Amino acid sequence: MLQISRLRNDRKAVLAGLAKRQFPEAEASIDQLLQLDDQRRSLQTQLDNMLAERNQLSKQVGSLFKQGKQEEANAIREQVNELKTSAAQTEEQLTAAKQQLQDLLVKLPNVPQASVPAGVDEADNEVYQEHEGELPQLGEGAKPHWELNEEFRVFDLELGVRTTGSGFPLFVGQGARLQRGLINYFLDRATAAGYTEYVAPLLVNEATAFGTGSLPDKEGQMYYVGADDFYLIPTAEVPLTNIYRDQILNESDFPIKLTGYTPCFRREAGSYGAHVRGLNRVHQFDKVEIVQIAHPEQSNAIHLQMLDQVASLLKELELPFRILRLCGGDLTFASALTYDFEVWSAAQQRWLEVSSVSNFETFQSNRMKLRYRGENGTQLAHTLNGSALALPRIIAALMENNQTADGIMLPKVLHPYVGLENLSRV
RNA sequence: GGUGACGUGGGUGAGUGGCUGAAACCACCGGUUUGCUAAACCGGCGUAGUCUUUUAAGGGCUACCGGGGGUUCGAAUCCCCCCGUCACCGCCA
């Protein structure tokens, strides 16, 4: 959520930023917001004045009663009663204005940073870091992971259909073991980098879903448990970042680094068709997330450190990858700057997104009221997060890129974690 | 799920209708004292909104004592609903 003061003081820059997102209604929206805010302030002042008068009169009533001046006291009581009626009206108007303001404000997406390229969709993303060297070539007969899976049975989608529905894979035997090994490996690397590990709830309340910006923007994309009014988390970012909701930190608390492994649940409504085969797109998947709460002046540097963290994982996994800087049109609602990591799938001959690392600046913290005490009083902190990493596509890429006649070779770093050097045909 | 007790500032904890945005203590910050550290002493110390030509520091007002609603001239204090914590009972991986 953007701050009204920013819309007011920095209108031009905000508009220029939002233009990169293909958000044509920005100008009308902002004008209306500023108008509503003027209205809100004037009503607030009116109401405050009425309440001040009421308070003062009420005090008089008290002392008049003590002096035994009943009649005078009763006269003032009358007066206050009249005042109460008009104050109630003003308050109603104020509440309405605030509500309108809020409803409009939460629909404005974050302002992209200057470095974000303008653009409509993923075709306009900018390659931030190209893959070094040649992309690996597989021999004749190389198979995509869903075909390999027929021989290796790493996962089972049909079993998922039986228990739940499409897009809920089960991992089986060596596949389950690989999954468990990857989670431990990712968590070990995160904690080694100073992130504190949490095991967080997978169901969150509305305030939490709102805090990170999943509501109202992604309402239909989250699974919702109506009986208890809970949402299934689409990422560990949601519970982890909200740990600090409504907090006022000290500058010395920075940086705050959190990590956690969770399953993630996404309805992915409307995303059927091409490129959703096998593990490419599923409703439930596992992910290790890293989150940082940062001082505003440090968030961009921290963002780059987080990129290094993710890059080092992919290097150790020996997977060819590149880093994209997302264009305005591809940026998620809450993000000011996002880098995507894509791993090359040699068998599918395409890049698969495996991680997204974003700086939200004050967009989430303004919703969460996550502040710190700084030199200029209390101000909003910055929040950042990234996947380090999401499992299914990593598994897909490992399967595809490392297929040999002797099985699927696992990178060295995973040997102790998985207890296997390669996956075998079953 | 049932019954009971409770929910006050970063913490402990006073406060049952006006003089309480809230005592006291602890923590924290600044200072005095001090070989160093500690102790002692003095001072400061909530958040948010709004108004204000405050040169700057600021000042005024409003709201907030789990959340929402009500009673009253006036609510942390009384009433109702909800949420949470704890204890016991029930159920249970």
# chains A, B, ... in the order shown; residues from 1 in each chain; ligands from 1
>>> residues_around(residues="range 79-90 of chain B", least_positions_apart="5", cutoff="9 Å", atoms="only C-alpha atoms (C1' of nucleotides)", output="list in words")
G1, G2, U3, G4, A5, C6, G7, G66, G67, G68, G69, G70 and U71 of chain B
>>> write_last_selection(atoms="C-alpha atoms (C1' of nucleotides)", output="PDB file, in the first residue's frame")
ATOM      1  C1'   G B   1     -16.921 -28.152  22.860  1.00  0.00           C
ATOM      2  C1'   G B   2     -18.137 -26.882  28.468  1.00  0.00           C
ATOM      3  C1'   U B   3     -17.024 -24.066  33.025  1.00  0.00           C
ATOM      4  C1'   G B   4     -14.142 -20.421  35.516  1.00  0.00           C
ATOM      5  C1'   A B   5     -10.335 -16.539  35.932  1.00  0.00           C
ATOM      6  C1'   C B   6      -7.986 -12.990  33.259  1.00  0.00           C
ATOM      7  C1'   G B   7      -6.503  -9.397  28.981  1.00  0.00           C
ATOM      8  C1'   G B  66      -7.398  -7.127  23.496  1.00  0.00           C
ATOM      9  C1'   G B  67     -11.364  -5.851  19.188  1.00  0.00           C
ATOM     10  C1'   G B  68     -16.348  -3.994  18.201  1.00  0.00           C
ATOM     11  C1'   G B  69     -20.866  -1.893  19.995  1.00  0.00           C
ATOM     12  C1'   G B  70     -23.800   0.387  24.043  1.00  0.00           C
ATOM     13  C1'   U B  71     -25.088   3.304  28.736  1.00  0.00           C
TER      14        U B  71
END
>>> residues_around(residues="range 42-49 of chain B", least_positions_apart="2", cutoff="12 Å", atoms="only C-alpha atoms (C1' of nucleotides)", output="ChimeraX atom specification")
/A:40-45,47-48,98,246-248,369,371,377-378 /B:9-10,21-22,27-33,40,51,61-65
>>> atom_distance(atom1="CA of Thr404 in chain A", atom2="CA of Ile183 in chain A")
24.5 Å
>>> closest_atom_pairs(of="chain B", to="chain A", cutoff="6 Å", atoms="only C-alpha atoms (C1' of nucleotides)", output="tab-separated table")
residue	atom	partner	partner_atom	distance
B:U50	C1'	A:Thr45	CA	5.9
B:U62	C1'	A:Asp48	CA	4.9
B:C73	C1'	A:Arg77	CA	4.5
B:G74	C1'	A:Ser58	CA	5.5
>>> select_by_dssp(residues="range 201-418 of chain A", states="strand (DSSP E or B)", output="ChimeraX atom specification")
/A:203-204,224-225,230-232,248-250,256-265,284-294,321-325,337-345,350-361,371-374,377-380,382-390,403-404,407-409
>>> closest_atom_pairs(of="range 126-209 of chain A", to="range 417-425 of chain A", cutoff="10 Å", atoms="only C-alpha atoms", output="tab-separated table")
residue	atom	partner	partner_atom	distance
A:Leu148	CA	A:Arg425	CA	9.0
A:Asn149	CA	A:Arg425	CA	8.9
A:Glu150	CA	A:Arg425	CA	8.8
A:Glu151	CA	A:Arg425	CA	5.2
A:Phe152	CA	A:Arg425	CA	4.5
A:Arg153	CA	A:Arg425	CA	7.7
A:Val154	CA	A:Leu423	CA	8.5
A:Gln174	CA	A:Leu423	CA	6.8
A:Gly175	CA	A:Leu423	CA	8.2
A:Ala176	CA	A:Val418	CA	9.6
A:Arg177	CA	A:Val418	CA	6.0
A:Leu178	CA	A:Val418	CA	5.5
A:Gln179	CA	A:Val418	CA	8.3
A:Arg180	CA	A:Val418	CA	7.5
A:Gly181	CA	A:Tyr417	CA	4.6
A:Leu182	CA	A:Tyr417	CA	7.2
A:Ile183	CA	A:Tyr417	CA	9.1
A:Asn184	CA	A:Tyr417	CA	7.1
A:Tyr185	CA	A:Tyr417	CA	6.6
>>> residues_around(residues="Tyr128 in chain A", least_positions_apart="4", cutoff="9 Å", atoms="only C-alpha atoms (C1' of nucleotides)", output="ChimeraX atom specification")
/A:322-325,339
>>> residues_around(residues="Gly141 in chain A", least_positions_apart="6", cutoff="12 Å", atoms="only C-alpha atoms (C1' of nucleotides)", output="list in words")
Glu147, Leu148, Ala346, Ala347, Gln348, Glu400, Gln403, Thr404 and Ala405 of chain A
>>> write_last_selection(atoms="N, CA and C atoms", output="PDB file, in the first residue's frame")
ATOM      1  N   GLU A 147       8.292 -37.553 -19.101  1.00  0.00           N
ATOM      2  CA  GLU A 147       8.535 -38.843 -19.771  1.00  0.00           C
ATOM      3  C   GLU A 147       9.554 -39.660 -18.993  1.00  0.00           C
ATOM      4  N   LEU A 148      10.580 -38.976 -18.498  1.00  0.00           N
ATOM      5  CA  LEU A 148      11.566 -39.675 -17.664  1.00  0.00           C
ATOM      6  C   LEU A 148      10.902 -40.313 -16.458  1.00  0.00           C
ATOM      7  N   ALA A 346      17.149 -28.404 -20.587  1.00  0.00           N
ATOM      8  CA  ALA A 346      17.696 -28.799 -21.893  1.00  0.00           C
ATOM      9  C   ALA A 346      16.702 -29.654 -22.670  1.00  0.00           C
ATOM     10  N   ALA A 347      15.942 -30.430 -21.940  1.00  0.00           N
ATOM     11  CA  ALA A 347      15.011 -31.323 -22.634  1.00  0.00           C
ATOM     12  C   ALA A 347      13.785 -30.584 -23.138  1.00  0.00           C
ATOM     13  N   GLN A 348      13.338 -29.606 -22.355  1.00  0.00           N
ATOM     14  CA  GLN A 348      12.164 -28.847 -22.807  1.00  0.00           C
ATOM     15  C   GLN A 348      12.585 -27.692 -23.696  1.00  0.00           C
ATOM     16  N   GLU A 400      16.031 -33.629 -16.047  1.00  0.00           N
ATOM     17  CA  GLU A 400      16.212 -33.454 -17.483  1.00  0.00           C
ATOM     18  C   GLU A 400      17.671 -33.233 -17.857  1.00  0.00           C
ATOM     19  N   GLN A 403      20.142 -36.501 -17.212  1.00  0.00           N
ATOM     20  CA  GLN A 403      19.754 -37.841 -17.648  1.00  0.00           C
ATOM     21  C   GLN A 403      20.890 -38.487 -18.424  1.00  0.00           C
ATOM     22  N   THR A 404      21.173 -39.722 -18.061  1.00  0.00           N
ATOM     23  CA  THR A 404      22.197 -40.497 -18.770  1.00  0.00           C
ATOM     24  C   THR A 404      21.674 -41.922 -18.918  1.00  0.00           C
ATOM     25  N   ALA A 405      22.409 -42.688 -19.644  1.00  0.00           N
ATOM     26  CA  ALA A 405      22.025 -44.091 -19.817  1.00  0.00           C
ATOM     27  C   ALA A 405      22.043 -44.818 -18.487  1.00  0.00           C
TER      28      ALA A 405
END
>>> select_by_dssp(residues="range 15-184 of chain A", states="helix (DSSP H, G or I)", output="ChimeraX atom specification")
/A:15-19,26-66,70-105,122-124,145-152,157-163,174-184
>>> residues_around(residues="Glu197 in chain A", least_positions_apart="6", cutoff="10 Å", atoms="only C-alpha atoms (C1' of nucleotides)", output="list in words")
Leu187, Asp188, Ala190, Thr191, Leu240, Lys257, Leu258, Thr259, Gly260, Tyr261, Val288, Glu289 and Ile290 of chain A
>>> closest_residue(among="A:Leu170, A:Asn385, A:Pro109, A:Pro136", to="Arg21 in chain A", atoms="only C-alpha atoms")
A:Pro109
>>> residues_around(residues="range 203-208 of chain A", least_positions_apart="3", cutoff="8 Å", atoms="only C-alpha atoms (C1' of nucleotides)", output="list in words")
Gly211, Thr212, Leu215, Asp229, Phe230, Tyr231, Leu232, Ile233, Val238, Pro239 and Asn242 of chain A
